[in-house]
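Novice: PDB, C-alpha atoms, pLDDT in the B column, file upload_1.pdb:
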ATOM      1  CA  VAL A 210     -11.058   1.933  -3.872  1.00 93.00           C
ATOM      2  CA  THR A 211     -12.166   0.996  -7.373  1.00 93.00           C
ATOM      3  CA  VAL A 212      -9.368   0.599  -9.917  1.00 93.00           C
ATOM      4  CA  SER A 213     -10.209   1.005 -13.599  1.00 93.00           C
ATOM      5  CA  LYS A 214      -6.775   0.879 -15.226  1.00 94.00           C
ATOM      6  CA  VAL A 215      -3.007   1.241 -14.968  1.00 95.00           C
ATOM      7  CA  ARG A 216      -1.305   3.437 -17.589  1.00 95.00           C
ATOM      8  CA  ILE A 217       2.329   3.332 -18.745  1.00 95.00           C
ATOM      9  CA  ASN A 218       4.233   5.765 -20.976  1.00 96.00           C
ATOM     10  CA  SER A 219       7.876   6.155 -21.942  1.00 95.00           C
ATOM     11  CA  SER A 220       7.553   9.956 -22.024  1.00 94.00           C
ATOM     12  CA  ALA A 221       7.848  11.814 -18.721  1.00 92.00           C
ATOM     13  CA  SER A 222       5.975  14.801 -20.167  1.00 91.00           C
ATOM     14  CA  ALA A 223       3.044  12.993 -21.821  1.00 92.00           C
ATOM     15  CA  SER A 224      -0.364  14.239 -20.686  1.00 89.00           C
ATOM     16  CA  ASP A 225      -3.313  11.907 -20.213  1.00 87.00           C
ATOM     17  CA  THR A 226      -4.594  12.762 -23.709  1.00 88.00           C
ATOM     18  CA  ASP A 227      -1.269  12.353 -25.524  1.00 91.00           C
ATOM     19  CA  GLY A 228      -0.306   9.245 -27.439  1.00 93.00           C
ATOM     20  CA  GLY A 229       2.136   6.556 -26.415  1.00 94.00           C
ATOM     21  CA  TRP A 230       0.130   5.127 -23.519  1.00 96.00           C
ATOM     22  CA  THR A 231      -0.160   1.414 -22.869  1.00 96.00           C
ATOM     23  CA  ASP A 232      -3.134   0.598 -20.648  1.00 96.00           C
ATOM     24  CA  ILE A 233      -3.908  -2.334 -18.389  1.00 95.00           C
ATOM     25  CA  THR A 234      -7.692  -2.032 -18.283  1.00 95.00           C
ATOM     26  CA  LEU A 235      -9.778  -3.792 -15.646  1.00 94.00           C
ATOM     27  CA  SER A 236     -13.184  -4.593 -17.129  1.00 92.00           C
ATOM     28  CA  PRO A 237     -15.265  -4.244 -15.126  1.00 93.00           C
ATOM     29  CA  ALA A 238     -13.396  -1.903 -12.791  1.00 93.00           C
ATOM     30  CA  ARG A 239     -12.398  -3.743  -9.609  1.00 94.00           C
ATOM     31  CA  LYS A 240     -13.366  -2.598  -6.117  1.00 95.00           C
ATOM     32  CA  ILE A 241     -10.579  -3.505  -3.703  1.00 94.00           C
ATOM     33  CA  ASN A 242     -10.718  -3.501   0.094  1.00 93.00           C
ATOM     34  CA  LEU A 243      -7.268  -2.135   0.908  1.00 91.00           C
ATOM     35  CA  LEU A 244      -7.441  -3.451   4.474  1.00 87.00           C
ATOM     36  CA  ASN A 245      -7.421  -6.988   3.084  1.00 88.00           C
ATOM     37  CA  LEU A 246      -3.989  -6.329   1.574  1.00 88.00           C
ATOM     38  CA  ASN A 247      -2.006  -6.265   4.817  1.00 82.00           C
ATOM     39  CA  ASN A 248       1.045  -8.299   5.748  1.00 79.00           C
ATOM     40  CA  GLY A 249       2.360  -8.777   2.220  1.00 79.00           C
ATOM     41  CA  ALA A 250      -0.917  -9.838   0.562  1.00 84.00           C
ATOM     42  CA  LEU A 251      -1.205  -8.774  -3.096  1.00 89.00           C
ATOM     43  CA  ASP A 252      -4.026  -8.372  -5.630  1.00 92.00           C
ATOM     44  CA  ALA A 253      -2.890  -8.697  -9.254  1.00 92.00           C
ATOM     45  CA  LEU A 254      -4.149  -5.946 -11.572  1.00 94.00           C
ATOM     46  CA  GLY A 255      -3.028  -7.493 -14.855  1.00 93.00           C
ATOM     47  CA  THR A 256      -0.262  -7.508 -17.439  1.00 92.00           C
ATOM     48  CA  ALA A 257       0.641  -5.685 -20.650  1.00 93.00           C
ATOM     49  CA  SER A 258       3.160  -6.195 -23.444  1.00 93.00           C
ATOM     50  CA  LEU A 259       5.725  -3.400 -23.680  1.00 94.00           C
ATOM     51  CA  GLY A 260       8.550  -2.781 -26.096  1.00 93.00           C
ATOM     52  CA  ALA A 261      12.076  -2.898 -24.727  1.00 94.00           C
ATOM     53  CA  GLY A 262      13.131   0.475 -23.333  1.00 94.00           C
ATOM     54  CA  HIS A 263      12.872   2.984 -20.515  1.00 95.00           C
ATOM     55  CA  TYR A 264       9.487   3.987 -19.090  1.00 95.00           C
ATOM     56  CA  SER A 265       9.047   7.249 -17.223  1.00 94.00           C
ATOM     57  CA  GLN A 266       5.350   7.419 -16.320  1.00 93.00           C
ATOM     58  CA  LEU A 267       3.128   5.077 -14.357  1.00 94.00           C
ATOM     59  CA  ARG A 268      -0.428   6.058 -13.448  1.00 94.00           C
ATOM     60  CA  LEU A 269      -3.088   4.322 -11.380  1.00 94.00           C
ATOM     61  CA  VAL A 270      -6.575   5.337 -12.548  1.00 93.00           C
ATOM     62  CA  LEU A 271      -9.499   5.090 -10.112  1.00 91.00           C
ATOM     63  CA  ASP A 272     -13.180   4.978 -10.966  1.00 89.00           C
ATOM     64  CA  SER A 273     -14.812   8.235  -9.836  1.00 82.00           C
ATOM     65  CA  SER A 274     -18.466   7.152 -10.082  1.00 86.00           C
ATOM     66  CA  ALA A 275     -20.780   7.238  -7.072  1.00 84.00           C
ATOM     67  CA  ASN A 276     -19.759   4.869  -4.255  1.00 88.00           C
ATOM     68  CA  ALA A 277     -16.734   3.623  -6.200  1.00 91.00           C
ATOM     69  CA  ASN A 278     -14.383   4.745  -3.417  1.00 92.00           C
ATOM     70  CA  THR A 279     -15.696   4.452   0.128  1.00 93.00           C
ATOM     71  CA  VAL A 280     -14.876   4.041   3.805  1.00 93.00           C
ATOM     72  CA  VAL A 281     -16.601   1.948   6.462  1.00 91.00           C
ATOM     73  CA  LYS A 282     -16.335   3.144  10.037  1.00 88.00           C
ATOM     74  CA  THR A 283     -15.224   0.663  12.669  1.00 84.00           C
ATOM     75  CA  GLY A 284     -18.211  -1.107  14.184  1.00 85.00           C
ATOM     76  CA  THR A 285     -20.510  -0.318  11.246  1.00 90.00           C
ATOM     77  CA  THR A 286     -21.295  -1.848   7.855  1.00 89.00           C
ATOM     78  CA  ALA A 287     -22.487   1.188   5.877  1.00 90.00           C
ATOM     79  CA  GLU A 288     -20.208   2.427   3.094  1.00 92.00           C
ATOM     80  CA  ILE A 289     -19.582   6.188   3.051  1.00 92.00           C
ATOM     81  CA  ALA A 290     -18.545   7.644  -0.298  1.00 91.00           C
ATOM     82  CA  VAL A 291     -15.326   9.677  -0.277  1.00 91.00           C
ATOM     83  CA  ASP A 292     -14.778  12.709  -2.491  1.00 88.00           C
ATOM     84  CA  THR A 293     -12.425  11.884  -5.346  1.00 83.00           C
ATOM     85  CA  PRO A 294     -10.758  15.107  -6.600  1.00 79.00           C
ATOM     86  CA  SER A 295     -10.880  15.626 -10.351  1.00 73.00           C
ATOM     87  CA  ALA A 296      -7.095  16.107 -10.388  1.00 67.00           C
ATOM     88  CA  ILE A 297      -6.548  12.375  -9.732  1.00 72.00           C
ATOM     89  CA  GLN A 298      -9.264  11.056 -12.043  1.00 70.00           C
ATOM     90  CA  SER A 299      -6.833  11.131 -14.964  1.00 78.00           C
ATOM     91  CA  GLY A 300      -4.558   8.859 -12.971  1.00 88.00           C
ATOM     92  CA  ILE A 301      -2.477   8.971  -9.815  1.00 90.00           C
ATOM     93  CA  LYS A 302       1.059   9.749 -10.930  1.00 90.00           C
ATOM     94  CA  LEU A 303       3.473   7.339  -9.304  1.00 90.00           C
ATOM     95  CA  VAL A 304       7.113   8.248  -8.781  1.00 82.00           C
ATOM     96  CA  ASN A 305       8.810   5.383 -10.511  1.00 86.00           C
ATOM     97  CA  GLU A 306      10.867   4.821 -13.654  1.00 90.00           C
ATOM     98  CA  PHE A 307      11.753   1.382 -14.885  1.00 91.00           C
ATOM     99  CA  ASP A 308      13.462  -0.427 -17.735  1.00 92.00           C
ATOM    100  CA  VAL A 309      12.170  -3.339 -19.781  1.00 92.00           C
ATOM    101  CA  ALA A 310      14.755  -5.588 -21.416  1.00 90.00           C
ATOM    102  CA  ALA A 311      13.895  -7.529 -24.557  1.00 89.00           C
ATOM    103  CA  GLY A 312      12.129 -10.786 -23.727  1.00 87.00           C
ATOM    104  CA  GLN A 313      12.068 -10.042 -19.983  1.00 87.00           C
ATOM    105  CA  ARG A 314       9.229  -9.521 -17.488  1.00 87.00           C
ATOM    106  CA  VAL A 315       9.102  -6.645 -15.001  1.00 89.00           C
ATOM    107  CA  ASP A 316       6.843  -6.876 -11.942  1.00 90.00           C
ATOM    108  CA  LEU A 317       5.757  -3.706 -10.126  1.00 91.00           C
ATOM    109  CA  VAL A 318       4.106  -3.641  -6.697  1.00 91.00           C
ATOM    110  CA  LEU A 319       1.925  -0.618  -5.856  1.00 93.00           C
ATOM    111  CA  ASP A 320       1.657   0.057  -2.121  1.00 91.00           C
ATOM    112  CA  PHE A 321      -1.583   2.004  -1.508  1.00 90.00           C
ATOM    113  CA  ASP A 322      -1.464   3.438   2.032  1.00 87.00           C
ATOM    114  CA  ALA A 323      -5.085   3.333   3.195  1.00 86.00           C
ATOM    115  CA  CYS A 324      -4.510   5.210   6.460  1.00 82.00           C
ATOM    116  CA  LYS A 325      -2.716   8.162   4.869  1.00 86.00           C
ATOM    117  CA  SER A 326      -5.036   8.335   1.855  1.00 90.00           C
ATOM    118  CA  ILE A 327      -8.311   9.084   3.649  1.00 91.00           C
ATOM    119  CA  VAL A 328      -8.675  12.619   5.024  1.00 90.00           C
ATOM    120  CA  SER A 329     -11.499  13.756   7.325  1.00 90.00           C
ATOM    121  CA  LYS A 330     -13.359  16.882   6.235  1.00 88.00           C
ATOM    122  CA  GLY A 331     -14.876  19.557   8.455  1.00 84.00           C
ATOM    123  CA  ASN A 332     -18.407  18.612   7.406  1.00 84.00           C
ATOM    124  CA  GLY A 333     -18.021  15.051   8.677  1.00 82.00           C
ATOM    125  CA  GLY A 334     -17.251  13.600   5.248  1.00 88.00           C
ATOM    126  CA  TYR A 335     -14.056  12.185   3.814  1.00 92.00           C
ATOM    127  CA  SER A 336     -11.767  13.005   0.900  1.00 91.00           C
ATOM    128  CA  LEU A 337      -9.463  10.707  -1.020  1.00 91.00           C
ATOM    129  CA  LYS A 338      -5.876  11.931  -1.278  1.00 91.00           C
ATOM    130  CA  PRO A 339      -4.061   8.828  -2.496  1.00 90.00           C
ATOM    131  CA  VAL A 340      -0.630   7.966  -1.113  1.00 89.00           C
ATOM    132  CA  VAL A 341       0.754   5.251  -3.369  1.00 91.00           C
ATOM    133  CA  LYS A 342       4.365   4.200  -3.826  1.00 89.00           C
ATOM    134  CA  VAL A 343       6.107   1.591  -5.923  1.00 89.00           C
ATOM    135  CA  VAL A 344       7.937  -0.888  -3.698  1.00 82.00           C
ATOM    136  CA  PRO A 345      10.434  -3.714  -4.370  1.00 71.00           C
ATOM    137  CA  THR A 346       8.904  -6.870  -5.820  1.00 81.00           C
ATOM    138  CA  VAL A 347      11.212  -9.272  -3.976  1.00 80.00           C
ATOM    139  CA  LEU A 348       9.642 -10.463  -0.741  1.00 83.00           C
ATOM    140  CA  ASN A 349      11.774  -9.257   2.160  1.00 91.00           C
ATOM    141  CA  GLY A 350      11.181  -7.346   5.389  1.00 93.00           C
ATOM    142  CA  ILE A 351      10.355  -7.937   9.044  1.00 96.00           C
ATOM    143  CA  SER A 352       8.008 -10.526  10.537  1.00 96.00           C
ATOM    144  CA  GLY A 353       6.838 -11.413  14.011  1.00 96.00           C
ATOM    145  CA  PHE A 354       3.949 -11.912  16.388  1.00 96.00           C
ATOM    146  CA  VAL A 355       2.163  -9.622  18.839  1.00 95.00           C
ATOM    147  CA  ALA A 356       0.530 -11.131  21.935  1.00 94.00           C
ATOM    148  CA  THR A 357      -3.107 -11.987  21.211  1.00 94.00           C
ATOM    149  CA  THR A 358      -4.193 -10.355  24.495  1.00 92.00           C
ATOM    150  CA  ALA A 359      -3.547  -6.933  22.925  1.00 92.00           C
ATOM    151  CA  LEU A 360      -5.227  -7.532  19.571  1.00 93.00           C
ATOM    152  CA  SER A 361      -8.571  -5.991  20.575  1.00 91.00           C
ATOM    153  CA  HIS A 362      -6.841  -2.669  21.351  1.00 91.00           C
ATOM    154  CA  GLY A 363      -6.142  -1.392  17.846  1.00 90.00           C
ATOM    155  CA  VAL A 364      -2.604  -2.682  17.453  1.00 93.00           C
ATOM    156  CA  SER A 365      -0.441  -1.132  14.736  1.00 93.00           C
ATOM    157  CA  VAL A 366       3.083  -2.187  13.760  1.00 95.00           C
ATOM    158  CA  SER A 367       5.348   0.122  11.783  1.00 95.00           C
ATOM    159  CA  ALA A 368       8.887   0.138  10.407  1.00 96.00           C
ATOM    160  CA  GLN A 369      10.462   3.562  10.911  1.00 96.00           C
ATOM    161  CA  GLN A 370      13.672   5.382  10.068  1.00 96.00           C
ATOM    162  CA  ASN A 371      14.540   8.569  11.957  1.00 94.00           C
ATOM    163  CA  GLY A 372      10.967   8.752  13.220  1.00 93.00           C
ATOM    164  CA  VAL A 373       9.472   8.522   9.710  1.00 92.00           C
ATOM    165  CA  ILE A 374       7.074   5.636   9.052  1.00 92.00           C
ATOM    166  CA  ILE A 375       8.267   3.686   6.019  1.00 91.00           C
ATOM    167  CA  ALA A 376       5.681   0.912   6.243  1.00 90.00           C
ATOM    168  CA  SER A 377       2.927  -0.080   8.655  1.00 91.00           C
ATOM    169  CA  THR A 378       0.422  -2.868   9.094  1.00 91.00           C
ATOM    170  CA  ALA A 379      -2.125  -4.349  11.481  1.00 91.00           C
ATOM    171  CA  PRO A 380      -1.354  -7.844  12.791  1.00 93.00           C
ATOM    172  CA  ASN A 381      -3.593 -10.794  12.016  1.00 91.00           C
ATOM    173  CA  ALA A 382      -6.702 -10.360  14.167  1.00 89.00           C
ATOM    174  CA  THR A 383      -6.603 -13.978  15.334  1.00 92.00           C
ATOM    175  CA  THR A 384      -2.946 -15.017  15.528  1.00 94.00           C
ATOM    176  CA  GLY A 385      -1.180 -11.679  16.030  1.00 94.00           C
ATOM    177  CA  GLU A 386       1.217 -12.408  13.160  1.00 95.00           C
ATOM    178  CA  PHE A 387       2.536  -9.426  11.198  1.00 95.00           C
ATOM    179  CA  ASP A 388       4.730  -8.874   8.152  1.00 94.00           C
ATOM    180  CA  LEU A 389       6.269  -5.567   7.112  1.00 93.00           C
ATOM    181  CA  THR A 390       7.209  -6.498   3.568  1.00 90.00           C
ATOM    182  CA  ARG A 391       9.109  -5.156   0.572  1.00 88.00           C
ATOM    183  CA  LEU A 392      11.320  -2.688   2.402  1.00 91.00           C
ATOM    184  CA  PRO A 393      14.455  -1.088   0.976  1.00 89.00           C
ATOM    185  CA  ALA A 394      17.479  -2.744   2.568  1.00 92.00           C
ATOM    186  CA  GLY A 395      18.640  -0.979   5.743  1.00 95.00           C
ATOM    187  CA  ASN A 396      18.040  -0.718   9.479  1.00 97.00           C
ATOM    188  CA  TYR A 397      14.580   0.016  10.903  1.00 97.00           C
ATOM    189  CA  ASP A 398      13.016   0.784  14.258  1.00 97.00           C
ATOM    190  CA  VAL A 399       9.933  -1.406  14.684  1.00 97.00           C
ATOM    191  CA  VAL A 400       7.277   0.430  16.697  1.00 96.00           C
ATOM    192  CA  ILE A 401       4.236  -1.369  18.117  1.00 95.00           C
ATOM    193  CA  THR A 402       1.384   0.771  19.418  1.00 94.00           C
ATOM    194  CA  ALA A 403      -1.982  -0.145  20.913  1.00 93.00           C
ATOM    195  CA  ASP A 404      -4.734   1.785  22.669  1.00 92.00           C
ATOM    196  CA  GLY A 405      -4.055   1.858  26.400  1.00 91.00           C
ATOM    197  CA  TYR A 406      -0.519   0.481  26.043  1.00 91.00           C
ATOM    198  CA  ALA A 407       2.893   2.114  25.975  1.00 91.00           C
ATOM    199  CA  ALA A 408       4.679   2.002  22.624  1.00 91.00           C
ATOM    200  CA  ASN A 409       7.106  -0.881  22.175  1.00 91.00           C
ATOM    201  CA  VAL A 410      10.215  -0.091  20.146  1.00 94.00           C
ATOM    202  CA  VAL A 411      12.694  -2.612  18.772  1.00 95.00           C
ATOM    203  CA  GLY A 412      15.606  -0.573  17.478  1.00 95.00           C
ATOM    204  CA  ALA A 413      17.944  -1.032  14.516  1.00 94.00           C
ATOM    205  CA  VAL A 414      16.363  -4.135  13.031  1.00 97.00           C
ATOM    206  CA  PRO A 415      18.414  -5.103   9.940  1.00 96.00           C
ATOM    207  CA  VAL A 416      16.618  -5.804   6.655  1.00 95.00           C
ATOM    208  CA  ALA A 417      18.461  -7.402   3.739  1.00 93.00           C
ATOM    209  CA  ALA A 418      17.502  -7.121   0.081  1.00 88.00           C
ATOM    210  CA  THR A 419      16.067 -10.637   0.258  1.00 89.00           C
ATOM    211  CA  GLY A 420      14.613 -12.679   3.097  1.00 90.00           C
ATOM    212  CA  MET A 421      12.596 -11.872   6.201  1.00 93.00           C
ATOM    213  CA  THR A 422      14.010 -10.811   9.582  1.00 95.00           C
ATOM    214  CA  SER A 423      12.025 -12.468  12.382  1.00 95.00           C
ATOM    215  CA  LEU A 424      11.470 -10.517  15.604  1.00 94.00           C
ATOM    216  CA  SER A 425       9.315 -12.963  17.554  1.00 94.00           C
ATOM    217  CA  THR A 426       7.392 -16.220  17.337  1.00 95.00           C
ATOM    218  CA  SER A 427       3.892 -17.371  18.199  1.00 94.00           C
ATOM    219  CA  ALA A 428       5.354 -19.132  21.224  1.00 94.00           C
ATOM    220  CA  ALA A 429       7.178 -15.990  22.374  1.00 95.00           C
ATOM    221  CA  PRO A 430       5.251 -13.001  20.981  1.00 95.00           C
ATOM    222  CA  ILE A 431       5.901  -9.331  21.663  1.00 93.00           C
ATOM    223  CA  ALA A 432       3.630  -8.308  24.544  1.00 91.00           C
ATOM    224  CA  PRO A 433       2.825  -4.568  24.712  1.00 87.00           C
ATOM    225  CA  VAL A 434       3.211  -3.109  28.211  1.00 81.00           C
ATOM    226  CA  VAL A 435       0.429  -1.118  29.867  1.00 75.00           C
TER     227      VAL A 435
END
Any chance you could give the structure as structure tokens?
Specialist:
Amino acid sequence: VTVSKVRINSSASASDTDGGWTDITLSPARKINLLNLNNGALDALGTASLGAGHYSQLRLVLDSSANANTVVKTGTTAEIAVDTPSAIQSGIKLVNEFDVAAGQRVDLVLDFDACKSIVSKGNGGYSLKPVVKVVPTVLNGISGFVATTALSHGVSVSAQQNGVIIASTAPNATTGEFDLTRLPAGNYDVVITADGYAANVVGAVPVAATGMTSLSTSAAPIAPVV
């Protein structure tokens, strides 16, 4: 996806043409490979000075020009443009309100879910329906390793609550290491799936507000069962 700016407004009802917006503009717009931002990796979009107060709107604006937002099928190198609906070109509205205290810095992390955001169309093309949430900035979550013997089988690791995926990632393609980061504190079922393997489930894994919970090590990785 190609990001052109982030917009912030204190008014919950302000439209994209109203006043009161503070913009973080990326010039030129930056094309970001979302699959490179797995396992807690971040890409900084910039900073802006804001007055002390409460802010009710946060928007992520994508470039809608040709080939700005694309997909690449597994095993190929060609970029396929995805349709970007006009409704999101004024900015993806993110559900998040935050306060800025005088003289203080506030960091916001935007979690753009690549898998949920790309939708196949009946004509063989793709449409962009962004799923983006604001997640805690403090690094916490669940870490571990998956056996390297399974890595060529499309391994996916997810943190779930009541069967709902809260976060997911693909392990490192070489080491099998994974990190499910910036999770709200609570208990999670960690589900590991791979093509041709039964799902592995580690139930009720506790996550604190700070720190990482380790499930396995490189010496004793989780090995999916056929």
Novice: Give the answer as one residue: which of A:Asn305, A:Asn248, A:Thr285, A:Ser258 has the shortest atom-to-atom distance to Gly385 of chain A, using only C-alpha atoms?
Specialist: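 For Gly385 of chain A, the nearest of the candidates is A:Asn248.
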Novice: Quick one: apply the PyMOL selection byres ((chain A and resi 356) around 6) to the file and drop the selected residues here as a list in words.
Specialist: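 Output from the PyMOL selection byres ((chain A and resi 356) around 6), applied to this file: Val355, Thr357, Thr358, Ala359, Pro430, Ile431 and Ala432 of chain A.
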Novice: Find, counting all atoms listed in the file, the residue in A:Ala310, A:Leu319, A:Ala382, A:Val414 that gets nearest to Leu251 of chain A.
Specialist: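 Nearest to Leu251 of chain A: A:Leu319.
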Novice: At what distance in Å, to one decimal, does atom CA of Ala261 of chain A lie from atom CA of Ile301 of chain A?
Specialist: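 Result for atom CA of Ile301 of chain A versus atom CA of Ala261 of chain A: 24.0 Å, one decimal.
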Novice: Taking 6 positions as the minimum chain separation for residues in the same chain, which residues sit within 12 Å of Gly262 of chain A when counting all atoms listed in the file? Answer as a PyMOL selection string.
Specialist: chain A and resi 218-220+306-313+315
Novice: Any chance you could resolve the PyMOL selection byres ((chain A and resi 213) around 9) against this file and give the residues as JSON, numbers by chain?
Specialist: {"A": [211, 212, 214, 215, 233, 234, 235, 236, 237, 238, 239, 240, 269, 270, 271, 272]}
Novice: Would you write out those residues with C-alpha atoms, as a CSV table (one decimal), in the coordinates of the input?
Specialist:
chain,number,residue,atom,x,y,z
A,211,THR,CA,-12.2,1.0,-7.4
A,212,VAL,CA,-9.4,0.6,-9.9
A,214,LYS,CA,-6.8,0.9,-15.2
A,215,VAL,CA,-3.0,1.2,-15.0
A,233,ILE,CA,-3.9,-2.3,-18.4
A,234,THR,CA,-7.7,-2.0,-18.3
A,235,LEU,CA,-9.8,-3.8,-15.6
A,236,SER,CA,-13.2,-4.6,-17.1
A,237,PRO,CA,-15.3,-4.2,-15.1
A,238,ALA,CA,-13.4,-1.9,-12.8
A,239,ARG,CA,-12.4,-3.7,-9.6
A,240,LYS,CA,-13.4,-2.6,-6.1
A,269,LEU,CA,-3.1,4.3,-11.4
A,270,VAL,CA,-6.6,5.3,-12.5
A,271,LEU,CA,-9.5,5.1,-10.1
A,272,ASP,CA,-13.2,5.0,-11.0
Novice: Would you pick out the contacts of Val341 of chain A at 10 Å or less, using all atoms listed in the file, so that residues sharing its chain but fewer than 4 positions from it are not included, and give the list as a ChimeraX atom specification?
Specialist: /A:269,301-304,319-323,325-326
Novice: Which distance in Å separates atom CA of Val411 of chain A and atom CA of Leu424 of chain A, to one decimal?
Specialist: 8.6 Å
Novice: Which residue gives the smallest distance to Gln298 of chain A among A:Leu244, A:Leu317, A:Cys324, A:Leu337, with only C-alpha atoms counted?
Specialist: A:Leu337
Novice: Could you give me, as a PyMOL selection string, the residues that sit within 7 Å of (13.4, -6.6, 10.7) in the file's coordinates, counting all atoms listed in the file?
Specialist: chain A and resi 350-352+397+414-416+421-424
Novice: So that I have them on file, write out the residues from the current selection with C-alpha atoms, as a PDB file, in the frame of the given file.
Specialist:
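And here's out.pdb as it stands now:
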ATOM      1  CA  GLY A 350      11.181  -7.346   5.389  1.00 93.00           C
ATOM      2  CA  ILE A 351      10.355  -7.937   9.044  1.00 96.00           C
ATOM      3  CA  SER A 352       8.008 -10.526  10.537  1.00 96.00           C
ATOM      4  CA  TYR A 397      14.580   0.016  10.903  1.00 97.00           C
ATOM      5  CA  VAL A 414      16.363  -4.135  13.031  1.00 97.00           C
ATOM      6  CA  PRO A 415      18.414  -5.103   9.940  1.00 96.00           C
ATOM      7  CA  VAL A 416      16.618  -5.804   6.655  1.00 95.00           C
ATOM      8  CA  MET A 421      12.596 -11.872   6.201  1.00 93.00           C
ATOM      9  CA  THR A 422      14.010 -10.811   9.582  1.00 95.00           C
ATOM     10  CA  SER A 423      12.025 -12.468  12.382  1.00 95.00           C
ATOM     11  CA  LEU A 424      11.470 -10.517  15.604  1.00 94.00           C
TER      12      LEU A 424
END
Novice: Given the choices A:Val400, A:Ala277, A:Asn381, A:Ser425, which gets closest to Ile289 of chain A if the distance is worked out from only C-alpha atoms?
Specialist: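 The closest residue to Ile289 of chain A is A:Ala277.
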Novice: To one decimal place in Å, what is the distance between atom CA of Val410 of chain A and atom CA of Lys338 of chain A?
Specialist: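 A separation of 29.4 Å between them.
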Novice: Please evaluate the PyMOL selection byres ((chain A and resi 266) around 6) against the structure above and give the resulting residues as a PDB file with C-alpha atoms, in the frame of the given file.
Specialist:
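Dumped to result-v2.pdb:
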ATOM      1  CA  ILE A 217       2.329   3.332 -18.745  1.00 95.00           C
ATOM      2  CA  ASN A 218       4.233   5.765 -20.976  1.00 96.00           C
ATOM      3  CA  ALA A 221       7.848  11.814 -18.721  1.00 92.00           C
ATOM      4  CA  SER A 265       9.047   7.249 -17.223  1.00 94.00           C
ATOM      5  CA  LEU A 267       3.128   5.077 -14.357  1.00 94.00           C
TER       6      LEU A 267
END
Novice: Here is a test: counting only C-alpha atoms, which residue of A:Gly372, A:Gly412, A:Gly353, A:Gly405 is nearest to Ala428 of chain A?
Specialist: A:Gly353
Novice: Return the single residue from A:Val347, A:Leu243, A:Val399, A:Val366 that is closest to Val280 of chain A, with distances computed using only C-alpha atoms.
Specialist: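 Nearest candidate to Val280 of chain A out of A:Val347, A:Leu243, A:Val399, A:Val366: A:Leu243.
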Novice: Provide an axis-aligned box for all listed atoms of segment 363-378 of chain A, padding each side by 4 Å; report its centre and its edge lengths in Å to one decimal, as lines of an AutoDock Vina configuration file.
Specialist:
center_x = 4.2
center_y = 2.9
center_z = 11.9
size_x = 28.7
size_y = 19.6
size_z = 19.8
Novice: So which residues touch Ala408 of chain A within 9 Å, counting only C-alpha atoms, skipping near sequence neighbours fewer than 4 positions away, as JSON, numbers by chain?
Specialist: {"A": [400, 401, 402, 403, 433, 434, 435]}
